[in-house]
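Undergrad: File input37.cif follows (mmCIF, C-alpha atoms and all ligand atoms):
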```cif
data_upload
loop_
_atom_site.label_atom_id
_atom_site.label_comp_id
_atom_site.auth_asym_id
_atom_site.auth_seq_id
_atom_site.Cartn_x
_atom_site.Cartn_y
_atom_site.Cartn_z
CA MET D 253 -10.47 69.43 -164.86
CA LEU D 254 -10.80 68.19 -161.32
CA CYS D 255 -12.47 64.90 -162.08
CA GLY D 256 -9.97 63.79 -164.71
CA GLY D 257 -8.37 61.40 -162.22
CA SER D 258 -6.91 57.99 -162.95
CA LEU D 259 -9.00 55.67 -165.08
CA SER D 260 -9.46 52.03 -164.41
CA THR D 261 -8.08 49.92 -167.23
CA VAL D 262 -11.36 47.99 -167.36
CA ALA D 263 -13.17 51.11 -168.50
CA ALA D 264 -12.96 51.05 -172.27
CA LEU D 265 -11.98 54.54 -173.37
CA HIS D 266 -14.51 55.93 -175.76
CA LEU D 267 -12.59 58.92 -177.02
CA ASP D 268 -8.84 58.96 -177.50
CA ALA D 269 -7.12 61.98 -176.06
CA GLY D 270 -7.32 64.76 -178.61
CA GLU D 271 -10.09 63.15 -180.67
CA LEU D 272 -12.61 65.84 -181.56
CA MET D 273 -16.31 65.50 -181.94
CA ASN D 274 -19.55 67.16 -183.00
CA ILE D 275 -22.02 66.65 -180.19
CA LEU D 276 -25.78 67.12 -180.15
CA VAL D 277 -26.98 68.26 -176.72
CA THR D 278 -30.76 68.10 -176.27
CA GLY D 279 -32.48 70.28 -173.67
CA GLY D 280 -29.44 72.53 -173.43
CA ALA D 281 -31.48 75.61 -172.48
CA GLY D 282 -32.72 73.99 -169.27
CA PHE D 283 -31.08 74.00 -165.87
CA ILE D 284 -28.56 71.18 -166.21
CA GLY D 285 -28.11 71.52 -169.98
CA SER D 286 -27.18 75.19 -169.76
CA ASN D 287 -24.73 74.56 -166.92
CA LEU D 288 -23.23 71.71 -168.97
CA LEU D 289 -22.90 73.80 -172.13
CA ARG D 290 -21.35 76.78 -170.35
CA HIS D 291 -18.76 74.34 -169.03
CA VAL D 292 -17.96 72.17 -172.05
CA VAL D 293 -18.12 74.84 -174.78
CA ARG D 294 -15.24 76.61 -173.05
CA ALA D 295 -13.43 73.56 -171.68
CA ARG D 296 -13.42 71.76 -175.05
CA PRO D 297 -12.85 74.39 -177.72
CA GLY D 298 -12.02 71.75 -180.35
CA ASP D 299 -15.41 70.05 -180.02
CA ARG D 300 -18.59 71.49 -181.54
CA PHE D 301 -21.82 71.57 -179.56
CA VAL D 302 -25.25 71.81 -181.20
CA ASN D 303 -27.97 72.61 -178.68
CA LEU D 304 -31.41 71.39 -179.76
CA ASP D 305 -34.13 72.69 -177.46
CA ARG D 306 -37.83 73.20 -177.96
CA LEU D 307 -37.88 76.07 -175.45
CA THR D 308 -40.71 74.85 -173.28
CA TYR D 309 -41.43 76.91 -170.16
CA ALA D 310 -38.21 75.37 -168.70
CA GLY D 311 -35.92 76.48 -171.52
CA ASN D 312 -34.30 79.85 -170.97
CA LEU D 313 -31.76 81.09 -173.51
CA ALA D 314 -30.62 83.85 -171.16
CA ASN D 315 -28.84 81.04 -169.27
CA LEU D 316 -26.54 80.69 -172.29
CA ALA D 317 -25.78 84.34 -173.02
CA GLU D 318 -22.10 83.87 -172.05
CA ILE D 319 -21.49 81.33 -174.82
CA GLU D 320 -24.04 82.19 -177.47
CA ASP D 321 -21.41 83.67 -179.81
CA ALA D 322 -18.77 80.98 -179.24
CA PRO D 323 -17.53 79.57 -182.58
CA ASN D 324 -18.00 75.96 -181.43
CA TYR D 325 -21.62 76.44 -180.32
CA ARG D 326 -24.91 76.56 -182.21
CA PHE D 327 -28.46 76.81 -180.92
CA VAL D 328 -31.33 75.24 -182.82
CA GLN D 329 -34.91 75.69 -181.67
CA GLY D 330 -36.73 72.46 -182.32
CA ASP D 331 -38.29 69.33 -181.05
CA ILE D 332 -36.46 66.06 -180.48
CA CYS D 333 -39.34 64.26 -182.17
CA ASP D 334 -38.98 66.23 -185.42
CA GLY D 335 -37.53 63.48 -187.62
CA GLN D 336 -36.73 65.73 -190.59
CA LEU D 337 -34.94 68.28 -188.47
CA LEU D 338 -32.95 65.56 -186.70
CA ALA D 339 -31.94 63.86 -189.95
CA ALA D 340 -30.71 67.19 -191.31
CA LEU D 341 -28.81 68.02 -188.11
CA PHE D 342 -27.11 64.63 -187.92
CA GLU D 343 -26.10 64.98 -191.56
CA ASP D 344 -25.12 68.66 -191.78
CA GLU D 345 -23.32 68.75 -188.45
CA ALA D 346 -21.80 65.25 -188.75
CA ILE D 347 -23.03 64.51 -185.24
CA GLY D 348 -20.89 61.82 -183.62
CA GLY D 349 -22.40 61.85 -180.14
CA VAL D 350 -25.61 62.77 -178.35
CA ILE D 351 -26.05 63.96 -174.77
CA HIS D 352 -29.78 63.68 -174.20
CA LEU D 353 -31.15 65.89 -171.43
CA ALA D 354 -34.40 67.15 -172.97
CA ALA D 355 -37.30 66.13 -170.75
CA GLU D 356 -40.18 67.25 -168.65
CA SER D 357 -38.48 67.26 -165.26
CA HIS D 358 -40.81 68.45 -162.49
CA VAL D 359 -42.59 65.81 -160.39
CA ASP D 360 -45.44 68.12 -159.31
CA ARG D 361 -46.23 68.96 -162.95
CA SER D 362 -46.19 65.24 -163.81
CA ILE D 363 -48.90 64.65 -161.21
CA LEU D 364 -51.05 67.39 -162.73
CA GLY D 365 -50.47 66.38 -166.36
CA PRO D 366 -48.83 62.99 -166.92
CA GLY D 367 -49.51 62.85 -170.68
CA GLU D 368 -46.90 65.44 -171.58
CA PHE D 369 -44.31 63.46 -169.58
CA VAL D 370 -44.98 60.26 -171.49
CA ARG D 371 -44.89 62.13 -174.80
CA THR D 372 -41.68 64.01 -174.11
CA ASN D 373 -39.72 61.58 -171.98
CA VAL D 374 -40.74 58.29 -173.61
CA GLN D 375 -42.01 58.81 -177.16
CA GLU D 376 -39.53 61.55 -177.99
CA THR D 377 -36.59 59.59 -176.58
CA LEU D 378 -37.67 56.82 -178.93
CA ALA D 379 -37.73 59.28 -181.85
CA LEU D 380 -34.25 60.54 -180.98
CA LEU D 381 -32.83 57.02 -180.63
CA GLU D 382 -34.24 56.10 -184.01
CA ALA D 383 -32.92 59.26 -185.66
CA ALA D 384 -29.45 58.60 -184.24
CA ARG D 385 -29.51 54.95 -185.26
CA ALA D 386 -30.56 55.77 -188.82
CA ALA D 387 -28.02 58.58 -189.21
CA TRP D 388 -25.11 56.55 -187.88
CA ALA D 389 -26.09 53.54 -189.98
CA ARG D 390 -26.18 55.77 -193.11
CA ARG D 391 -22.73 57.11 -192.30
CA GLY D 392 -21.39 53.74 -191.22
CA THR D 393 -20.15 55.16 -187.90
CA ALA D 394 -20.81 54.16 -184.31
CA GLY D 395 -21.89 57.26 -182.41
CA ARG D 396 -22.28 57.49 -178.67
CA PHE D 397 -25.69 58.10 -177.09
CA HIS D 398 -25.60 59.37 -173.50
CA HIS D 399 -28.96 59.41 -171.74
CA VAL D 400 -29.18 61.66 -168.67
CA SER D 401 -31.55 60.13 -166.15
CA THR D 402 -32.54 60.24 -162.52
CA ASP D 403 -32.25 58.27 -159.28
CA GLU D 404 -36.05 58.45 -158.98
CA VAL D 405 -36.36 55.41 -161.26
CA TYR D 406 -35.30 53.25 -158.29
CA GLY D 407 -38.28 54.28 -156.15
CA SER D 408 -38.10 55.12 -152.47
CA LEU D 409 -35.71 53.93 -149.73
CA GLY D 410 -36.39 53.28 -146.06
CA ASP D 411 -34.15 54.71 -143.37
CA THR D 412 -31.07 52.83 -144.57
CA GLY D 413 -29.50 51.59 -147.80
CA LEU D 414 -28.36 53.19 -151.04
CA PHE D 415 -29.41 52.90 -154.69
CA THR D 416 -26.82 50.95 -156.68
CA GLU D 417 -26.88 50.32 -160.42
CA ASP D 418 -28.35 46.88 -159.61
CA THR D 419 -31.29 48.19 -157.58
CA PRO D 420 -34.50 47.08 -159.34
CA TYR D 421 -36.51 49.85 -160.98
CA SER D 422 -39.58 50.84 -158.97
CA PRO D 423 -40.76 54.27 -160.13
CA ASN D 424 -43.59 55.90 -158.19
CA SER D 425 -44.52 59.13 -159.98
CA PRO D 426 -45.57 59.75 -163.57
CA TYR D 427 -42.24 61.60 -163.99
CA SER D 428 -40.09 58.75 -162.67
CA ALA D 429 -42.16 56.16 -164.57
CA SER D 430 -41.56 58.06 -167.80
CA LYS D 431 -37.84 58.36 -167.09
CA ALA D 432 -37.67 54.64 -166.24
CA ALA D 433 -39.34 53.82 -169.55
CA SER D 434 -36.84 55.97 -171.43
CA ASP D 435 -33.93 54.26 -169.63
CA HIS D 436 -35.33 50.90 -170.73
CA LEU D 437 -35.49 52.06 -174.34
CA VAL D 438 -31.86 53.17 -174.26
CA ARG D 439 -30.80 49.90 -172.68
CA ALA D 440 -32.70 47.95 -175.35
CA TRP D 441 -31.13 49.96 -178.19
CA HIS D 442 -27.72 48.89 -176.89
CA HIS D 443 -28.71 45.30 -176.42
CA THR D 444 -30.65 44.84 -179.65
CA TYR D 445 -28.98 47.20 -182.11
CA GLY D 446 -25.53 47.42 -180.53
CA MET D 447 -25.82 51.18 -180.06
CA ASP D 448 -22.98 52.64 -177.98
CA THR D 449 -25.01 53.95 -175.05
CA VAL D 450 -24.31 55.26 -171.56
CA ILE D 451 -26.92 56.09 -168.93
CA THR D 452 -26.27 58.24 -165.86
CA ASN D 453 -28.80 58.22 -163.00
CA CYS D 454 -28.27 61.26 -160.82
CA SER D 455 -29.67 62.55 -157.55
CA ASN D 456 -31.14 66.02 -156.88
CA ASN D 457 -29.17 68.87 -158.44
CA TYR D 458 -28.96 72.40 -157.08
CA GLY D 459 -27.10 75.51 -158.18
CA PRO D 460 -27.49 78.56 -160.43
CA TRP D 461 -29.99 78.89 -163.31
CA GLN D 462 -32.58 76.43 -161.96
CA PHE D 463 -36.13 77.38 -162.84
CA PRO D 464 -37.84 78.64 -159.66
CA GLU D 465 -40.25 75.73 -159.29
CA LYS D 466 -37.91 73.26 -157.55
CA LEU D 467 -37.32 73.19 -153.79
CA ILE D 468 -34.15 75.24 -153.39
CA PRO D 469 -34.87 78.21 -155.70
CA VAL D 470 -38.51 78.31 -154.54
CA MET D 471 -37.44 78.57 -150.92
CA ILE D 472 -34.74 81.18 -151.60
CA CYS D 473 -37.17 83.41 -153.51
CA LYS D 474 -39.93 83.12 -150.96
CA ALA D 475 -37.54 83.64 -148.03
CA ARG D 476 -36.17 86.74 -149.76
CA ASP D 477 -39.69 88.11 -150.14
CA GLY D 478 -40.85 87.13 -146.64
CA GLU D 479 -43.51 84.75 -148.00
CA PRO D 480 -44.68 81.46 -146.39
CA LEU D 481 -42.33 78.56 -147.18
CA PRO D 482 -44.48 75.57 -148.25
CA VAL D 483 -42.93 72.37 -146.87
CA TYR D 484 -44.75 69.25 -148.08
CA GLY D 485 -45.93 66.72 -145.45
CA ASP D 486 -43.79 66.56 -142.32
CA GLY D 487 -40.63 67.84 -144.04
CA GLY D 488 -38.87 64.56 -143.23
CA ASN D 489 -38.34 63.43 -146.84
CA VAL D 490 -34.68 62.98 -147.65
CA ARG D 491 -32.83 63.88 -150.86
CA ASP D 492 -29.16 63.44 -151.81
CA TRP D 493 -28.07 66.86 -153.11
CA LEU D 494 -25.35 67.39 -155.70
CA HIS D 495 -24.09 70.69 -157.10
CA VAL D 496 -25.02 70.95 -160.77
CA GLN D 497 -21.42 71.65 -161.77
CA ASP D 498 -20.34 68.34 -160.22
CA HIS D 499 -23.11 66.61 -162.18
CA CYS D 500 -21.98 68.29 -165.39
CA GLU D 501 -18.42 67.09 -164.87
CA ALA D 502 -19.77 63.59 -164.29
CA ILE D 503 -21.78 63.77 -167.53
CA ASP D 504 -18.79 64.98 -169.53
CA LEU D 505 -16.66 62.18 -168.09
CA ALA D 506 -19.20 59.39 -168.54
CA PHE D 507 -19.96 60.56 -172.08
CA ARG D 508 -16.28 60.37 -173.03
CA GLU D 509 -15.01 57.50 -170.95
CA GLY D 510 -17.95 55.44 -169.77
CA ARG D 511 -18.18 51.85 -170.95
CA ALA D 512 -20.65 51.11 -173.73
CA GLY D 513 -23.97 49.79 -172.43
CA ARG D 514 -23.15 50.79 -168.87
CA THR D 515 -25.16 52.69 -166.27
CA TYR D 516 -23.49 55.01 -163.75
CA ASN D 517 -25.12 56.36 -160.60
CA VAL D 518 -24.14 59.92 -159.72
CA GLY D 519 -24.76 61.41 -156.28
CA GLY D 520 -23.33 63.71 -153.68
CA ASP D 521 -23.21 61.39 -150.65
CA ASN D 522 -25.05 64.32 -149.12
CA GLU D 523 -28.42 63.44 -147.59
CA TRP D 524 -30.63 66.15 -146.14
CA ARG D 525 -34.15 66.23 -144.78
CA ASN D 526 -36.19 68.88 -146.59
CA ILE D 527 -36.96 70.78 -143.40
CA ASP D 528 -33.26 71.05 -142.56
CA ILE D 529 -32.47 72.43 -146.02
CA VAL D 530 -35.25 74.98 -145.68
CA HIS D 531 -33.91 76.06 -142.30
CA ALA D 532 -30.39 76.33 -143.73
CA ILE D 533 -31.73 78.52 -146.55
CA CYS D 534 -33.58 80.75 -144.07
CA ASP D 535 -30.39 81.22 -142.06
CA ALA D 536 -28.31 81.97 -145.16
CA VAL D 537 -30.86 84.55 -146.39
CA ASP D 538 -31.01 86.14 -142.91
CA GLU D 539 -27.22 86.33 -142.93
CA ARG D 540 -27.11 88.03 -146.35
CA LEU D 541 -30.12 90.36 -146.03
CA GLY D 542 -30.40 90.67 -142.24
CA ALA D 543 -33.29 89.24 -140.21
CA GLN D 544 -36.72 90.77 -140.82
CA PRO D 545 -38.26 93.05 -138.16
CA GLN D 546 -40.77 90.26 -137.40
CA GLY D 547 -37.91 87.83 -136.63
CA PRO D 548 -35.77 85.16 -138.31
CA ARG D 549 -37.08 83.67 -141.57
CA ARG D 550 -37.43 80.17 -140.07
CA ARG D 551 -40.77 81.40 -138.75
CA LEU D 552 -42.04 81.43 -142.38
CA VAL D 553 -41.99 77.61 -142.62
CA THR D 554 -45.51 76.40 -143.34
CA PHE D 555 -46.32 72.69 -143.47
CA VAL D 556 -48.73 72.02 -146.35
CA GLY D 557 -50.47 68.94 -147.75
CA ASP D 558 -48.14 66.23 -148.96
CA ARG D 559 -47.25 65.51 -152.61
CA PRO D 560 -49.27 62.42 -153.67
CA GLY D 561 -47.04 59.35 -153.75
CA HIS D 562 -44.18 61.38 -152.25
CA ASP D 563 -40.99 59.27 -152.19
CA ARG D 564 -39.52 59.26 -148.69
CA ARG D 565 -35.80 58.93 -149.24
CA TYR D 566 -33.29 58.85 -152.09
CA ALA D 567 -29.59 58.12 -151.60
CA ILE D 568 -27.00 57.14 -154.18
CA ASP D 569 -24.05 54.80 -154.14
CA ALA D 570 -21.74 56.46 -156.70
CA SER D 571 -18.82 54.10 -156.20
CA ARG D 572 -18.85 52.90 -159.86
CA MET D 573 -18.55 56.48 -161.11
CA ARG D 574 -15.76 57.17 -158.64
CA GLY D 575 -13.92 53.86 -159.03
CA GLU D 576 -14.16 53.30 -162.80
CA LEU D 577 -14.07 56.87 -164.01
CA GLY D 578 -12.21 58.67 -161.21
CA TRP D 579 -15.03 61.17 -160.64
CA THR D 580 -15.16 63.15 -157.40
CA PRO D 581 -17.58 65.95 -156.56
CA ARG D 582 -15.82 69.24 -155.87
CA TYR D 583 -18.41 71.16 -153.91
CA THR D 584 -19.06 70.77 -150.21
CA PHE D 585 -22.74 71.37 -149.53
CA GLU D 586 -21.88 74.23 -147.19
CA ARG D 587 -20.03 76.10 -149.95
CA GLY D 588 -22.50 75.11 -152.68
CA LEU D 589 -25.58 76.22 -150.77
CA ARG D 590 -23.99 79.49 -149.64
CA GLU D 591 -22.95 80.33 -153.22
CA THR D 592 -26.33 79.27 -154.57
CA VAL D 593 -28.26 81.44 -152.10
CA GLY D 594 -25.95 84.33 -152.99
CA TRP D 595 -26.44 83.71 -156.73
CA TYR D 596 -30.25 83.84 -156.52
CA LEU D 597 -30.22 86.89 -154.26
CA ASP D 598 -28.04 88.65 -156.86
CA ALA D 599 -30.11 87.40 -159.80
CA GLY D 600 -33.11 89.65 -159.29
CA GLU D 601 -33.56 90.50 -162.97
CA TRP D 602 -33.23 86.89 -164.14
CA LEU D 603 -35.72 85.74 -161.50
CA ALA D 604 -38.18 88.52 -162.27
CA ALA D 605 -38.09 87.53 -165.96
CA CYS D 606 -38.75 83.89 -164.98
CA MET D 607 -41.66 84.94 -162.82
CA ASP D 608 -43.36 87.30 -165.30
CA GLY D 609 -42.65 85.10 -168.33
CA SER D 610 -40.57 87.71 -170.20
CA TYR D 611 -37.59 85.31 -170.37
CA ARG D 612 -39.47 83.72 -173.24
CA GLU D 613 -38.88 86.82 -175.37
CA TYR D 614 -35.10 86.27 -175.33
CA PHE D 615 -35.20 84.14 -178.46
CA GLU D 616 -37.08 86.79 -180.47
CA ARG D 617 -34.81 89.57 -179.26
CA ASN D 618 -31.46 87.85 -179.69
CA TYR D 619 -31.80 84.98 -182.15
CA ALA D 620 -34.66 85.56 -184.56
CA ASN D 621 -32.68 88.03 -186.74
CA LYS D 622 -29.50 85.94 -186.68
CA MET D 623 -31.41 82.93 -187.95
CA GLY D 624 -33.01 84.90 -190.77
P1 LIG S 1 -35.27 71.33 -167.15
O1 LIG S 1 -36.72 71.10 -167.00
O2 LIG S 1 -34.64 72.49 -166.49
O3 LIG S 1 -34.90 71.46 -168.71
C1 LIG S 1 -35.43 70.61 -169.69
C2 LIG S 1 -35.10 71.21 -171.06
O4 LIG S 1 -35.59 70.33 -172.07
C3 LIG S 1 -35.75 72.58 -171.30
O5 LIG S 1 -34.80 73.48 -171.84
C4 LIG S 1 -36.84 72.28 -172.33
O6 LIG S 1 -37.12 73.38 -173.19
C5 LIG S 1 -36.22 71.10 -173.08
N1 LIG S 1 -37.22 70.27 -173.77
C6 LIG S 1 -38.33 69.73 -173.23
N2 LIG S 1 -38.99 69.03 -174.17
C7 LIG S 1 -38.26 69.11 -175.31
C8 LIG S 1 -38.40 68.58 -176.63
N3 LIG S 1 -39.46 67.83 -176.96
N4 LIG S 1 -37.46 68.85 -177.54
C9 LIG S 1 -36.38 69.62 -177.22
N5 LIG S 1 -36.20 70.14 -176.00
C10 LIG S 1 -37.14 69.90 -175.05
O7 LIG S 1 -34.58 69.97 -166.72
P2 LIG S 1 -33.21 69.74 -165.91
O8 LIG S 1 -33.46 69.85 -164.47
O9 LIG S 1 -32.14 70.54 -166.55
O10 LIG S 1 -32.99 68.19 -166.24
C11 LIG S 1 -32.32 67.77 -167.42
C12 LIG S 1 -32.32 66.26 -167.47
O11 LIG S 1 -31.67 65.74 -166.31
C13 LIG S 1 -33.72 65.64 -167.48
O12 LIG S 1 -33.71 64.55 -168.36
C14 LIG S 1 -33.94 65.20 -166.04
O13 LIG S 1 -34.80 64.08 -166.00
C15 LIG S 1 -32.53 64.82 -165.64
N6 LIG S 1 -32.23 64.96 -164.18
C16 LIG S 1 -32.53 66.12 -163.52
C17 LIG S 1 -32.17 66.26 -162.16
C18 LIG S 1 -32.44 67.51 -161.38
O14 LIG S 1 -32.25 67.51 -160.16
N7 LIG S 1 -32.86 68.61 -162.00
C19 LIG S 1 -31.52 65.18 -161.52
C20 LIG S 1 -31.26 64.00 -162.23
C21 LIG S 1 -31.60 63.93 -163.58
O1 LIG S 2 -33.78 62.97 -157.62
C1 LIG S 2 -33.58 63.59 -158.85
C2 LIG S 2 -34.80 64.42 -159.19
O2 LIG S 2 -34.77 65.55 -158.32
C3 LIG S 2 -34.85 64.86 -160.65
O3 LIG S 2 -34.93 63.74 -161.47
C4 LIG S 2 -36.03 65.79 -160.89
O4 LIG S 2 -36.00 66.28 -162.23
C5 LIG S 2 -35.94 66.96 -159.93
O5 LIG S 2 -37.06 67.80 -160.07
C6 LIG S 2 -35.82 66.47 -158.49
O6 LIG S 2 -37.08 65.86 -158.06
P1 LIG S 2 -37.69 66.14 -156.60
O7 LIG S 2 -39.12 65.88 -156.64
O8 LIG S 2 -36.89 65.47 -155.54
O9 LIG S 2 -37.35 67.72 -156.50
P2 LIG S 2 -38.21 68.97 -155.96
O10 LIG S 2 -37.26 70.13 -155.91
O11 LIG S 2 -39.49 69.13 -156.66
O12 LIG S 2 -38.53 68.54 -154.45
C7 LIG S 2 -37.49 68.22 -153.55
C8 LIG S 2 -38.16 67.82 -152.24
O13 LIG S 2 -38.76 68.98 -151.66
C9 LIG S 2 -39.27 66.83 -152.39
O14 LIG S 2 -39.26 65.94 -151.27
C10 LIG S 2 -40.55 67.66 -152.39
C11 LIG S 2 -40.18 68.82 -151.49
N1 LIG S 2 -40.80 70.13 -151.78
C12 LIG S 2 -40.69 70.62 -153.04
C13 LIG S 2 -41.24 71.84 -153.37
C14 LIG S 2 -41.12 72.40 -154.77
C15 LIG S 2 -41.43 70.84 -150.78
O15 LIG S 2 -41.51 70.40 -149.61
N2 LIG S 2 -41.96 72.06 -151.09
C16 LIG S 2 -41.91 72.60 -152.36
O16 LIG S 2 -42.44 73.73 -152.57
#
```
Can you dump the structure from the file as structure tokens?

TA:
Amino acid sequence: MLCGGSLSTVAALHLDAGELMNILVTGGAGFIGSNLLRHVVRARPGDRFVNLDRLTYAGNLANLAEIEDAPNYRFVQGDICDGQLLAALFEDEAIGGVIHLAAESHVDRSILGPGEFVRTNVQETLALLEAARAAWARRGTAGRFHHVSTDEVYGSLGDTGLFTEDTPYSPNSPYSASKAASDHLVRAWHHTYGMDTVITNCSNNYGPWQFPEKLIPVMICKARDGEPLPVYGDGGNVRDWLHVQDHCEAIDLAFREGRAGRTYNVGGDNEWRNIDIVHAICDAVDERLGAQPQGPRRRLVTFVGDRPGHDRRYAIDASRMRGELGWTPRYTFERGLRETVGWYLDAGEWLAACMDGSYREYFERNYANKMG
């Protein structure tokens, strides 16, 4: 694995080389979770991965077709707040570690309906922490709890500066406020109960299998179809983009080797203004499909009303992740964006199923019988 570089001796190793584990991954049918599982199920054949996902609109089991029959993988449809189900899973599967990704993740949806974000991201993280604590206390073992979080908890930057792990929390949207609250719970469970926790706060991810509601897949689909490209505000908001595979390698590394109680920022050192990304996508789609008779796709850019409370700039200082854990992102943005545009343009069937809702039938078709 590329990011298995030298480890600082100050970083307490969590897993000895060769030590195997049963790991509960929550939200594994979503964008990042499915990319993570496709990676680790194959890269770590001795470990067992149990994917607990409620299959909200964002959960798509088709993302996991490549690994669904792997002997070290099991899917369970369920809710992270279902105490009985969790107790049984921790017991039956002898879960020794949790990678917690399940969440409501889209800022625009959080503005329209904040309640679901507080329920899922805050109350259900609490339920999961408590289930893990009880199960590990019963077994007399110290499991690891890795909470996957976001750079948005730090708020918005001006033209300069980077978010470090010491930047005070200053969340601005219902989504980021709910993620900040969940981070605080995880921190408190380490401090108060001695739980072995790690938190990673990552910047914007892009890559294959992302539900077409976030900036990059939305723009690729609309550019493909010659539709207006809705850029919020003046298009000058800046995000630090990281390929999802690089994030997944960071998660795997921090889960195994991160220090207990520690937070790690993860980012691509790759800041882009939204308008420049949209232009780059237009050019890449023109290159693949040819320009339209009416002209290049950049002409489709349409400035629309701004997102309320829209954070201006995010940028991550990932030096702790790099220095302590030896992590390095592999993808250049040029390669990552080109491959991503190509992936979505080739993924017509997958996208069509996302758009018409038929992806939700995958569970019935492929799992219902197997589960009896
Ligand atoms: P996503 O919306 O694509 O997937 C979320 C998954 O969680 C879905 O499969 C959904 O069905 C599942 N889920 C939701 N509520 C659940 C519940 N109560 N019980 C079980 N499963 C439930 O999200 P994503 O983009 O893959 O993000 C994953 C995590 O990473 C989130 O915690 C998010 O805050 C964080 N994160 C995302 C990004 C990004 O750019 N996408 C960046 C940094 C951090
Ligand atoms: O920073 C990490 C976060 O990145 C994650 O925690 C979130 O889960 C993830 O959704 C993402 O949040 P953003 O709000 O930054 O991502 P989104 O893709 O929604 O928007 C990226 C930028 O593009 C943002 O400035 C808003 C803008 N935008 C978005 C959409 C969907 C547009 O201009 N037009 C659009 O249609």

Undergrad: Tell me, as a PyMOL selection string, which residues lie within 10 Å of D:Glu368, counting all atoms listed in the file; anything in the same chain fewer than 6 positions away does not count.

TA: chain D and resi 355-356+361-362+374-375+426-427+430

Undergrad: Distance limit 6 Å, reference ligand LIG 1 (chain S), atoms considered: only C-alpha atoms and all ligand atoms. Which residues make the cut? Give them as a ChimeraX atom specification.

TA: /D:278-285,304-308,310-311,330-332,353-357,372,400-402,454-457

Undergrad: For D:Arg550, please output as a list in words all residues within 8 Å (counting only C-alpha atoms; exclusion window: fewer than 2 positions along the same chain).

TA: Val530, His531, Cys534, Asp535, Pro548, Leu552 and Val553 of chain D

Undergrad: Those selected residues, please, written with C-alpha atoms and delivered as an mmCIF file, in the coordinates of the input.

TA:
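Contents of the output file out_16.cif:
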```
data_model
loop_
_atom_site.group_PDB
_atom_site.id
_atom_site.type_symbol
_atom_site.label_atom_id
_atom_site.label_comp_id
_atom_site.auth_asym_id
_atom_site.auth_seq_id
_atom_site.Cartn_x
_atom_site.Cartn_y
_atom_site.Cartn_z
ATOM 1 C CA VAL D 530 -35.250 74.980 -145.680
ATOM 2 C CA HIS D 531 -33.910 76.060 -142.300
ATOM 3 C CA CYS D 534 -33.580 80.750 -144.070
ATOM 4 C CA ASP D 535 -30.390 81.220 -142.060
ATOM 5 C CA PRO D 548 -35.770 85.160 -138.310
ATOM 6 C CA LEU D 552 -42.040 81.430 -142.380
ATOM 7 C CA VAL D 553 -41.990 77.610 -142.620
#
```

Undergrad: Which protein, DNA or RNA residues have an atom within 6 Å of ligand LIG 2 (chain S), counting only C-alpha atoms and all ligand atoms, as a PDB file with C-alpha atoms, keeping the file's coordinate frame?

TA:
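Dumped everything to out-v2.pdb:
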```pdb
ATOM      1  CA  SER D 357     -38.480  67.260-165.260  1.00  0.00           C
ATOM      2  CA  HIS D 358     -40.810  68.450-162.490  1.00  0.00           C
ATOM      3  CA  VAL D 359     -42.590  65.810-160.390  1.00  0.00           C
ATOM      4  CA  THR D 402     -32.540  60.240-162.520  1.00  0.00           C
ATOM      5  CA  ASP D 403     -32.250  58.270-159.280  1.00  0.00           C
ATOM      6  CA  GLU D 404     -36.050  58.450-158.980  1.00  0.00           C
ATOM      7  CA  SER D 455     -29.670  62.550-157.550  1.00  0.00           C
ATOM      8  CA  ASN D 456     -31.140  66.020-156.880  1.00  0.00           C
ATOM      9  CA  GLU D 465     -40.250  75.730-159.290  1.00  0.00           C
ATOM     10  CA  LYS D 466     -37.910  73.260-157.550  1.00  0.00           C
ATOM     11  CA  LEU D 467     -37.320  73.190-153.790  1.00  0.00           C
ATOM     12  CA  PRO D 482     -44.480  75.570-148.250  1.00  0.00           C
ATOM     13  CA  VAL D 483     -42.930  72.370-146.870  1.00  0.00           C
ATOM     14  CA  TYR D 484     -44.750  69.250-148.080  1.00  0.00           C
ATOM     15  CA  ASN D 489     -38.340  63.430-146.840  1.00  0.00           C
ATOM     16  CA  ASN D 526     -36.190  68.880-146.590  1.00  0.00           C
TER      17      ASN D 526
END
```

Undergrad: Which residue out of D:Arg390, D:His398, D:Arg294, D:Arg514 has the minimum interatomic distance to D:Pro323 when all atoms listed in the file are used?

TA: D:Arg294

Undergrad: Find the residue from D:Pro469, D:Gly348, D:Gly488, D:Pro560 that sits nearest to D:Val593; use all atoms listed in the file when measuring.

TA: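 Between D:Pro469, D:Gly348, D:Gly488, D:Pro560, the residue approaching D:Val593 most closely is D:Pro469.
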
Undergrad: Kindly indicate which residue among D:Arg326, D:Arg549, D:Arg617, D:Arg590 lies nearest to D:Ile468, using all atoms listed in the file for the distances.

TA: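 Looking only at the distances to D:Ile468, the closest residue turns out to be D:Arg590.
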
Undergrad: When you count all atoms listed in the file, which of these residues is closest to D:Val292: D:Val450, D:Leu577, D:Ala317, D:Ile503?

TA: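 Closest to D:Val292 of all the choices is D:Ile503.
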
Undergrad: For D:Gly561, work out the shell of residues within 7 Å, counting all atoms listed in the file and skipping chain neighbours fewer than 2 positions away, then give it as a list of chain:residue names.

TA: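 Once the nearby chain positions are removed, what remains is D:Asn424, D:Ser425, D:Arg559, D:Asp563.
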
Undergrad: Of the residues D:Pro366, D:Gly519, D:Pro460, D:Gly485, which is the one nearest to D:Leu597, using all atoms listed in the file?

TA: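 For D:Leu597, the nearest of the given residues is D:Pro460.
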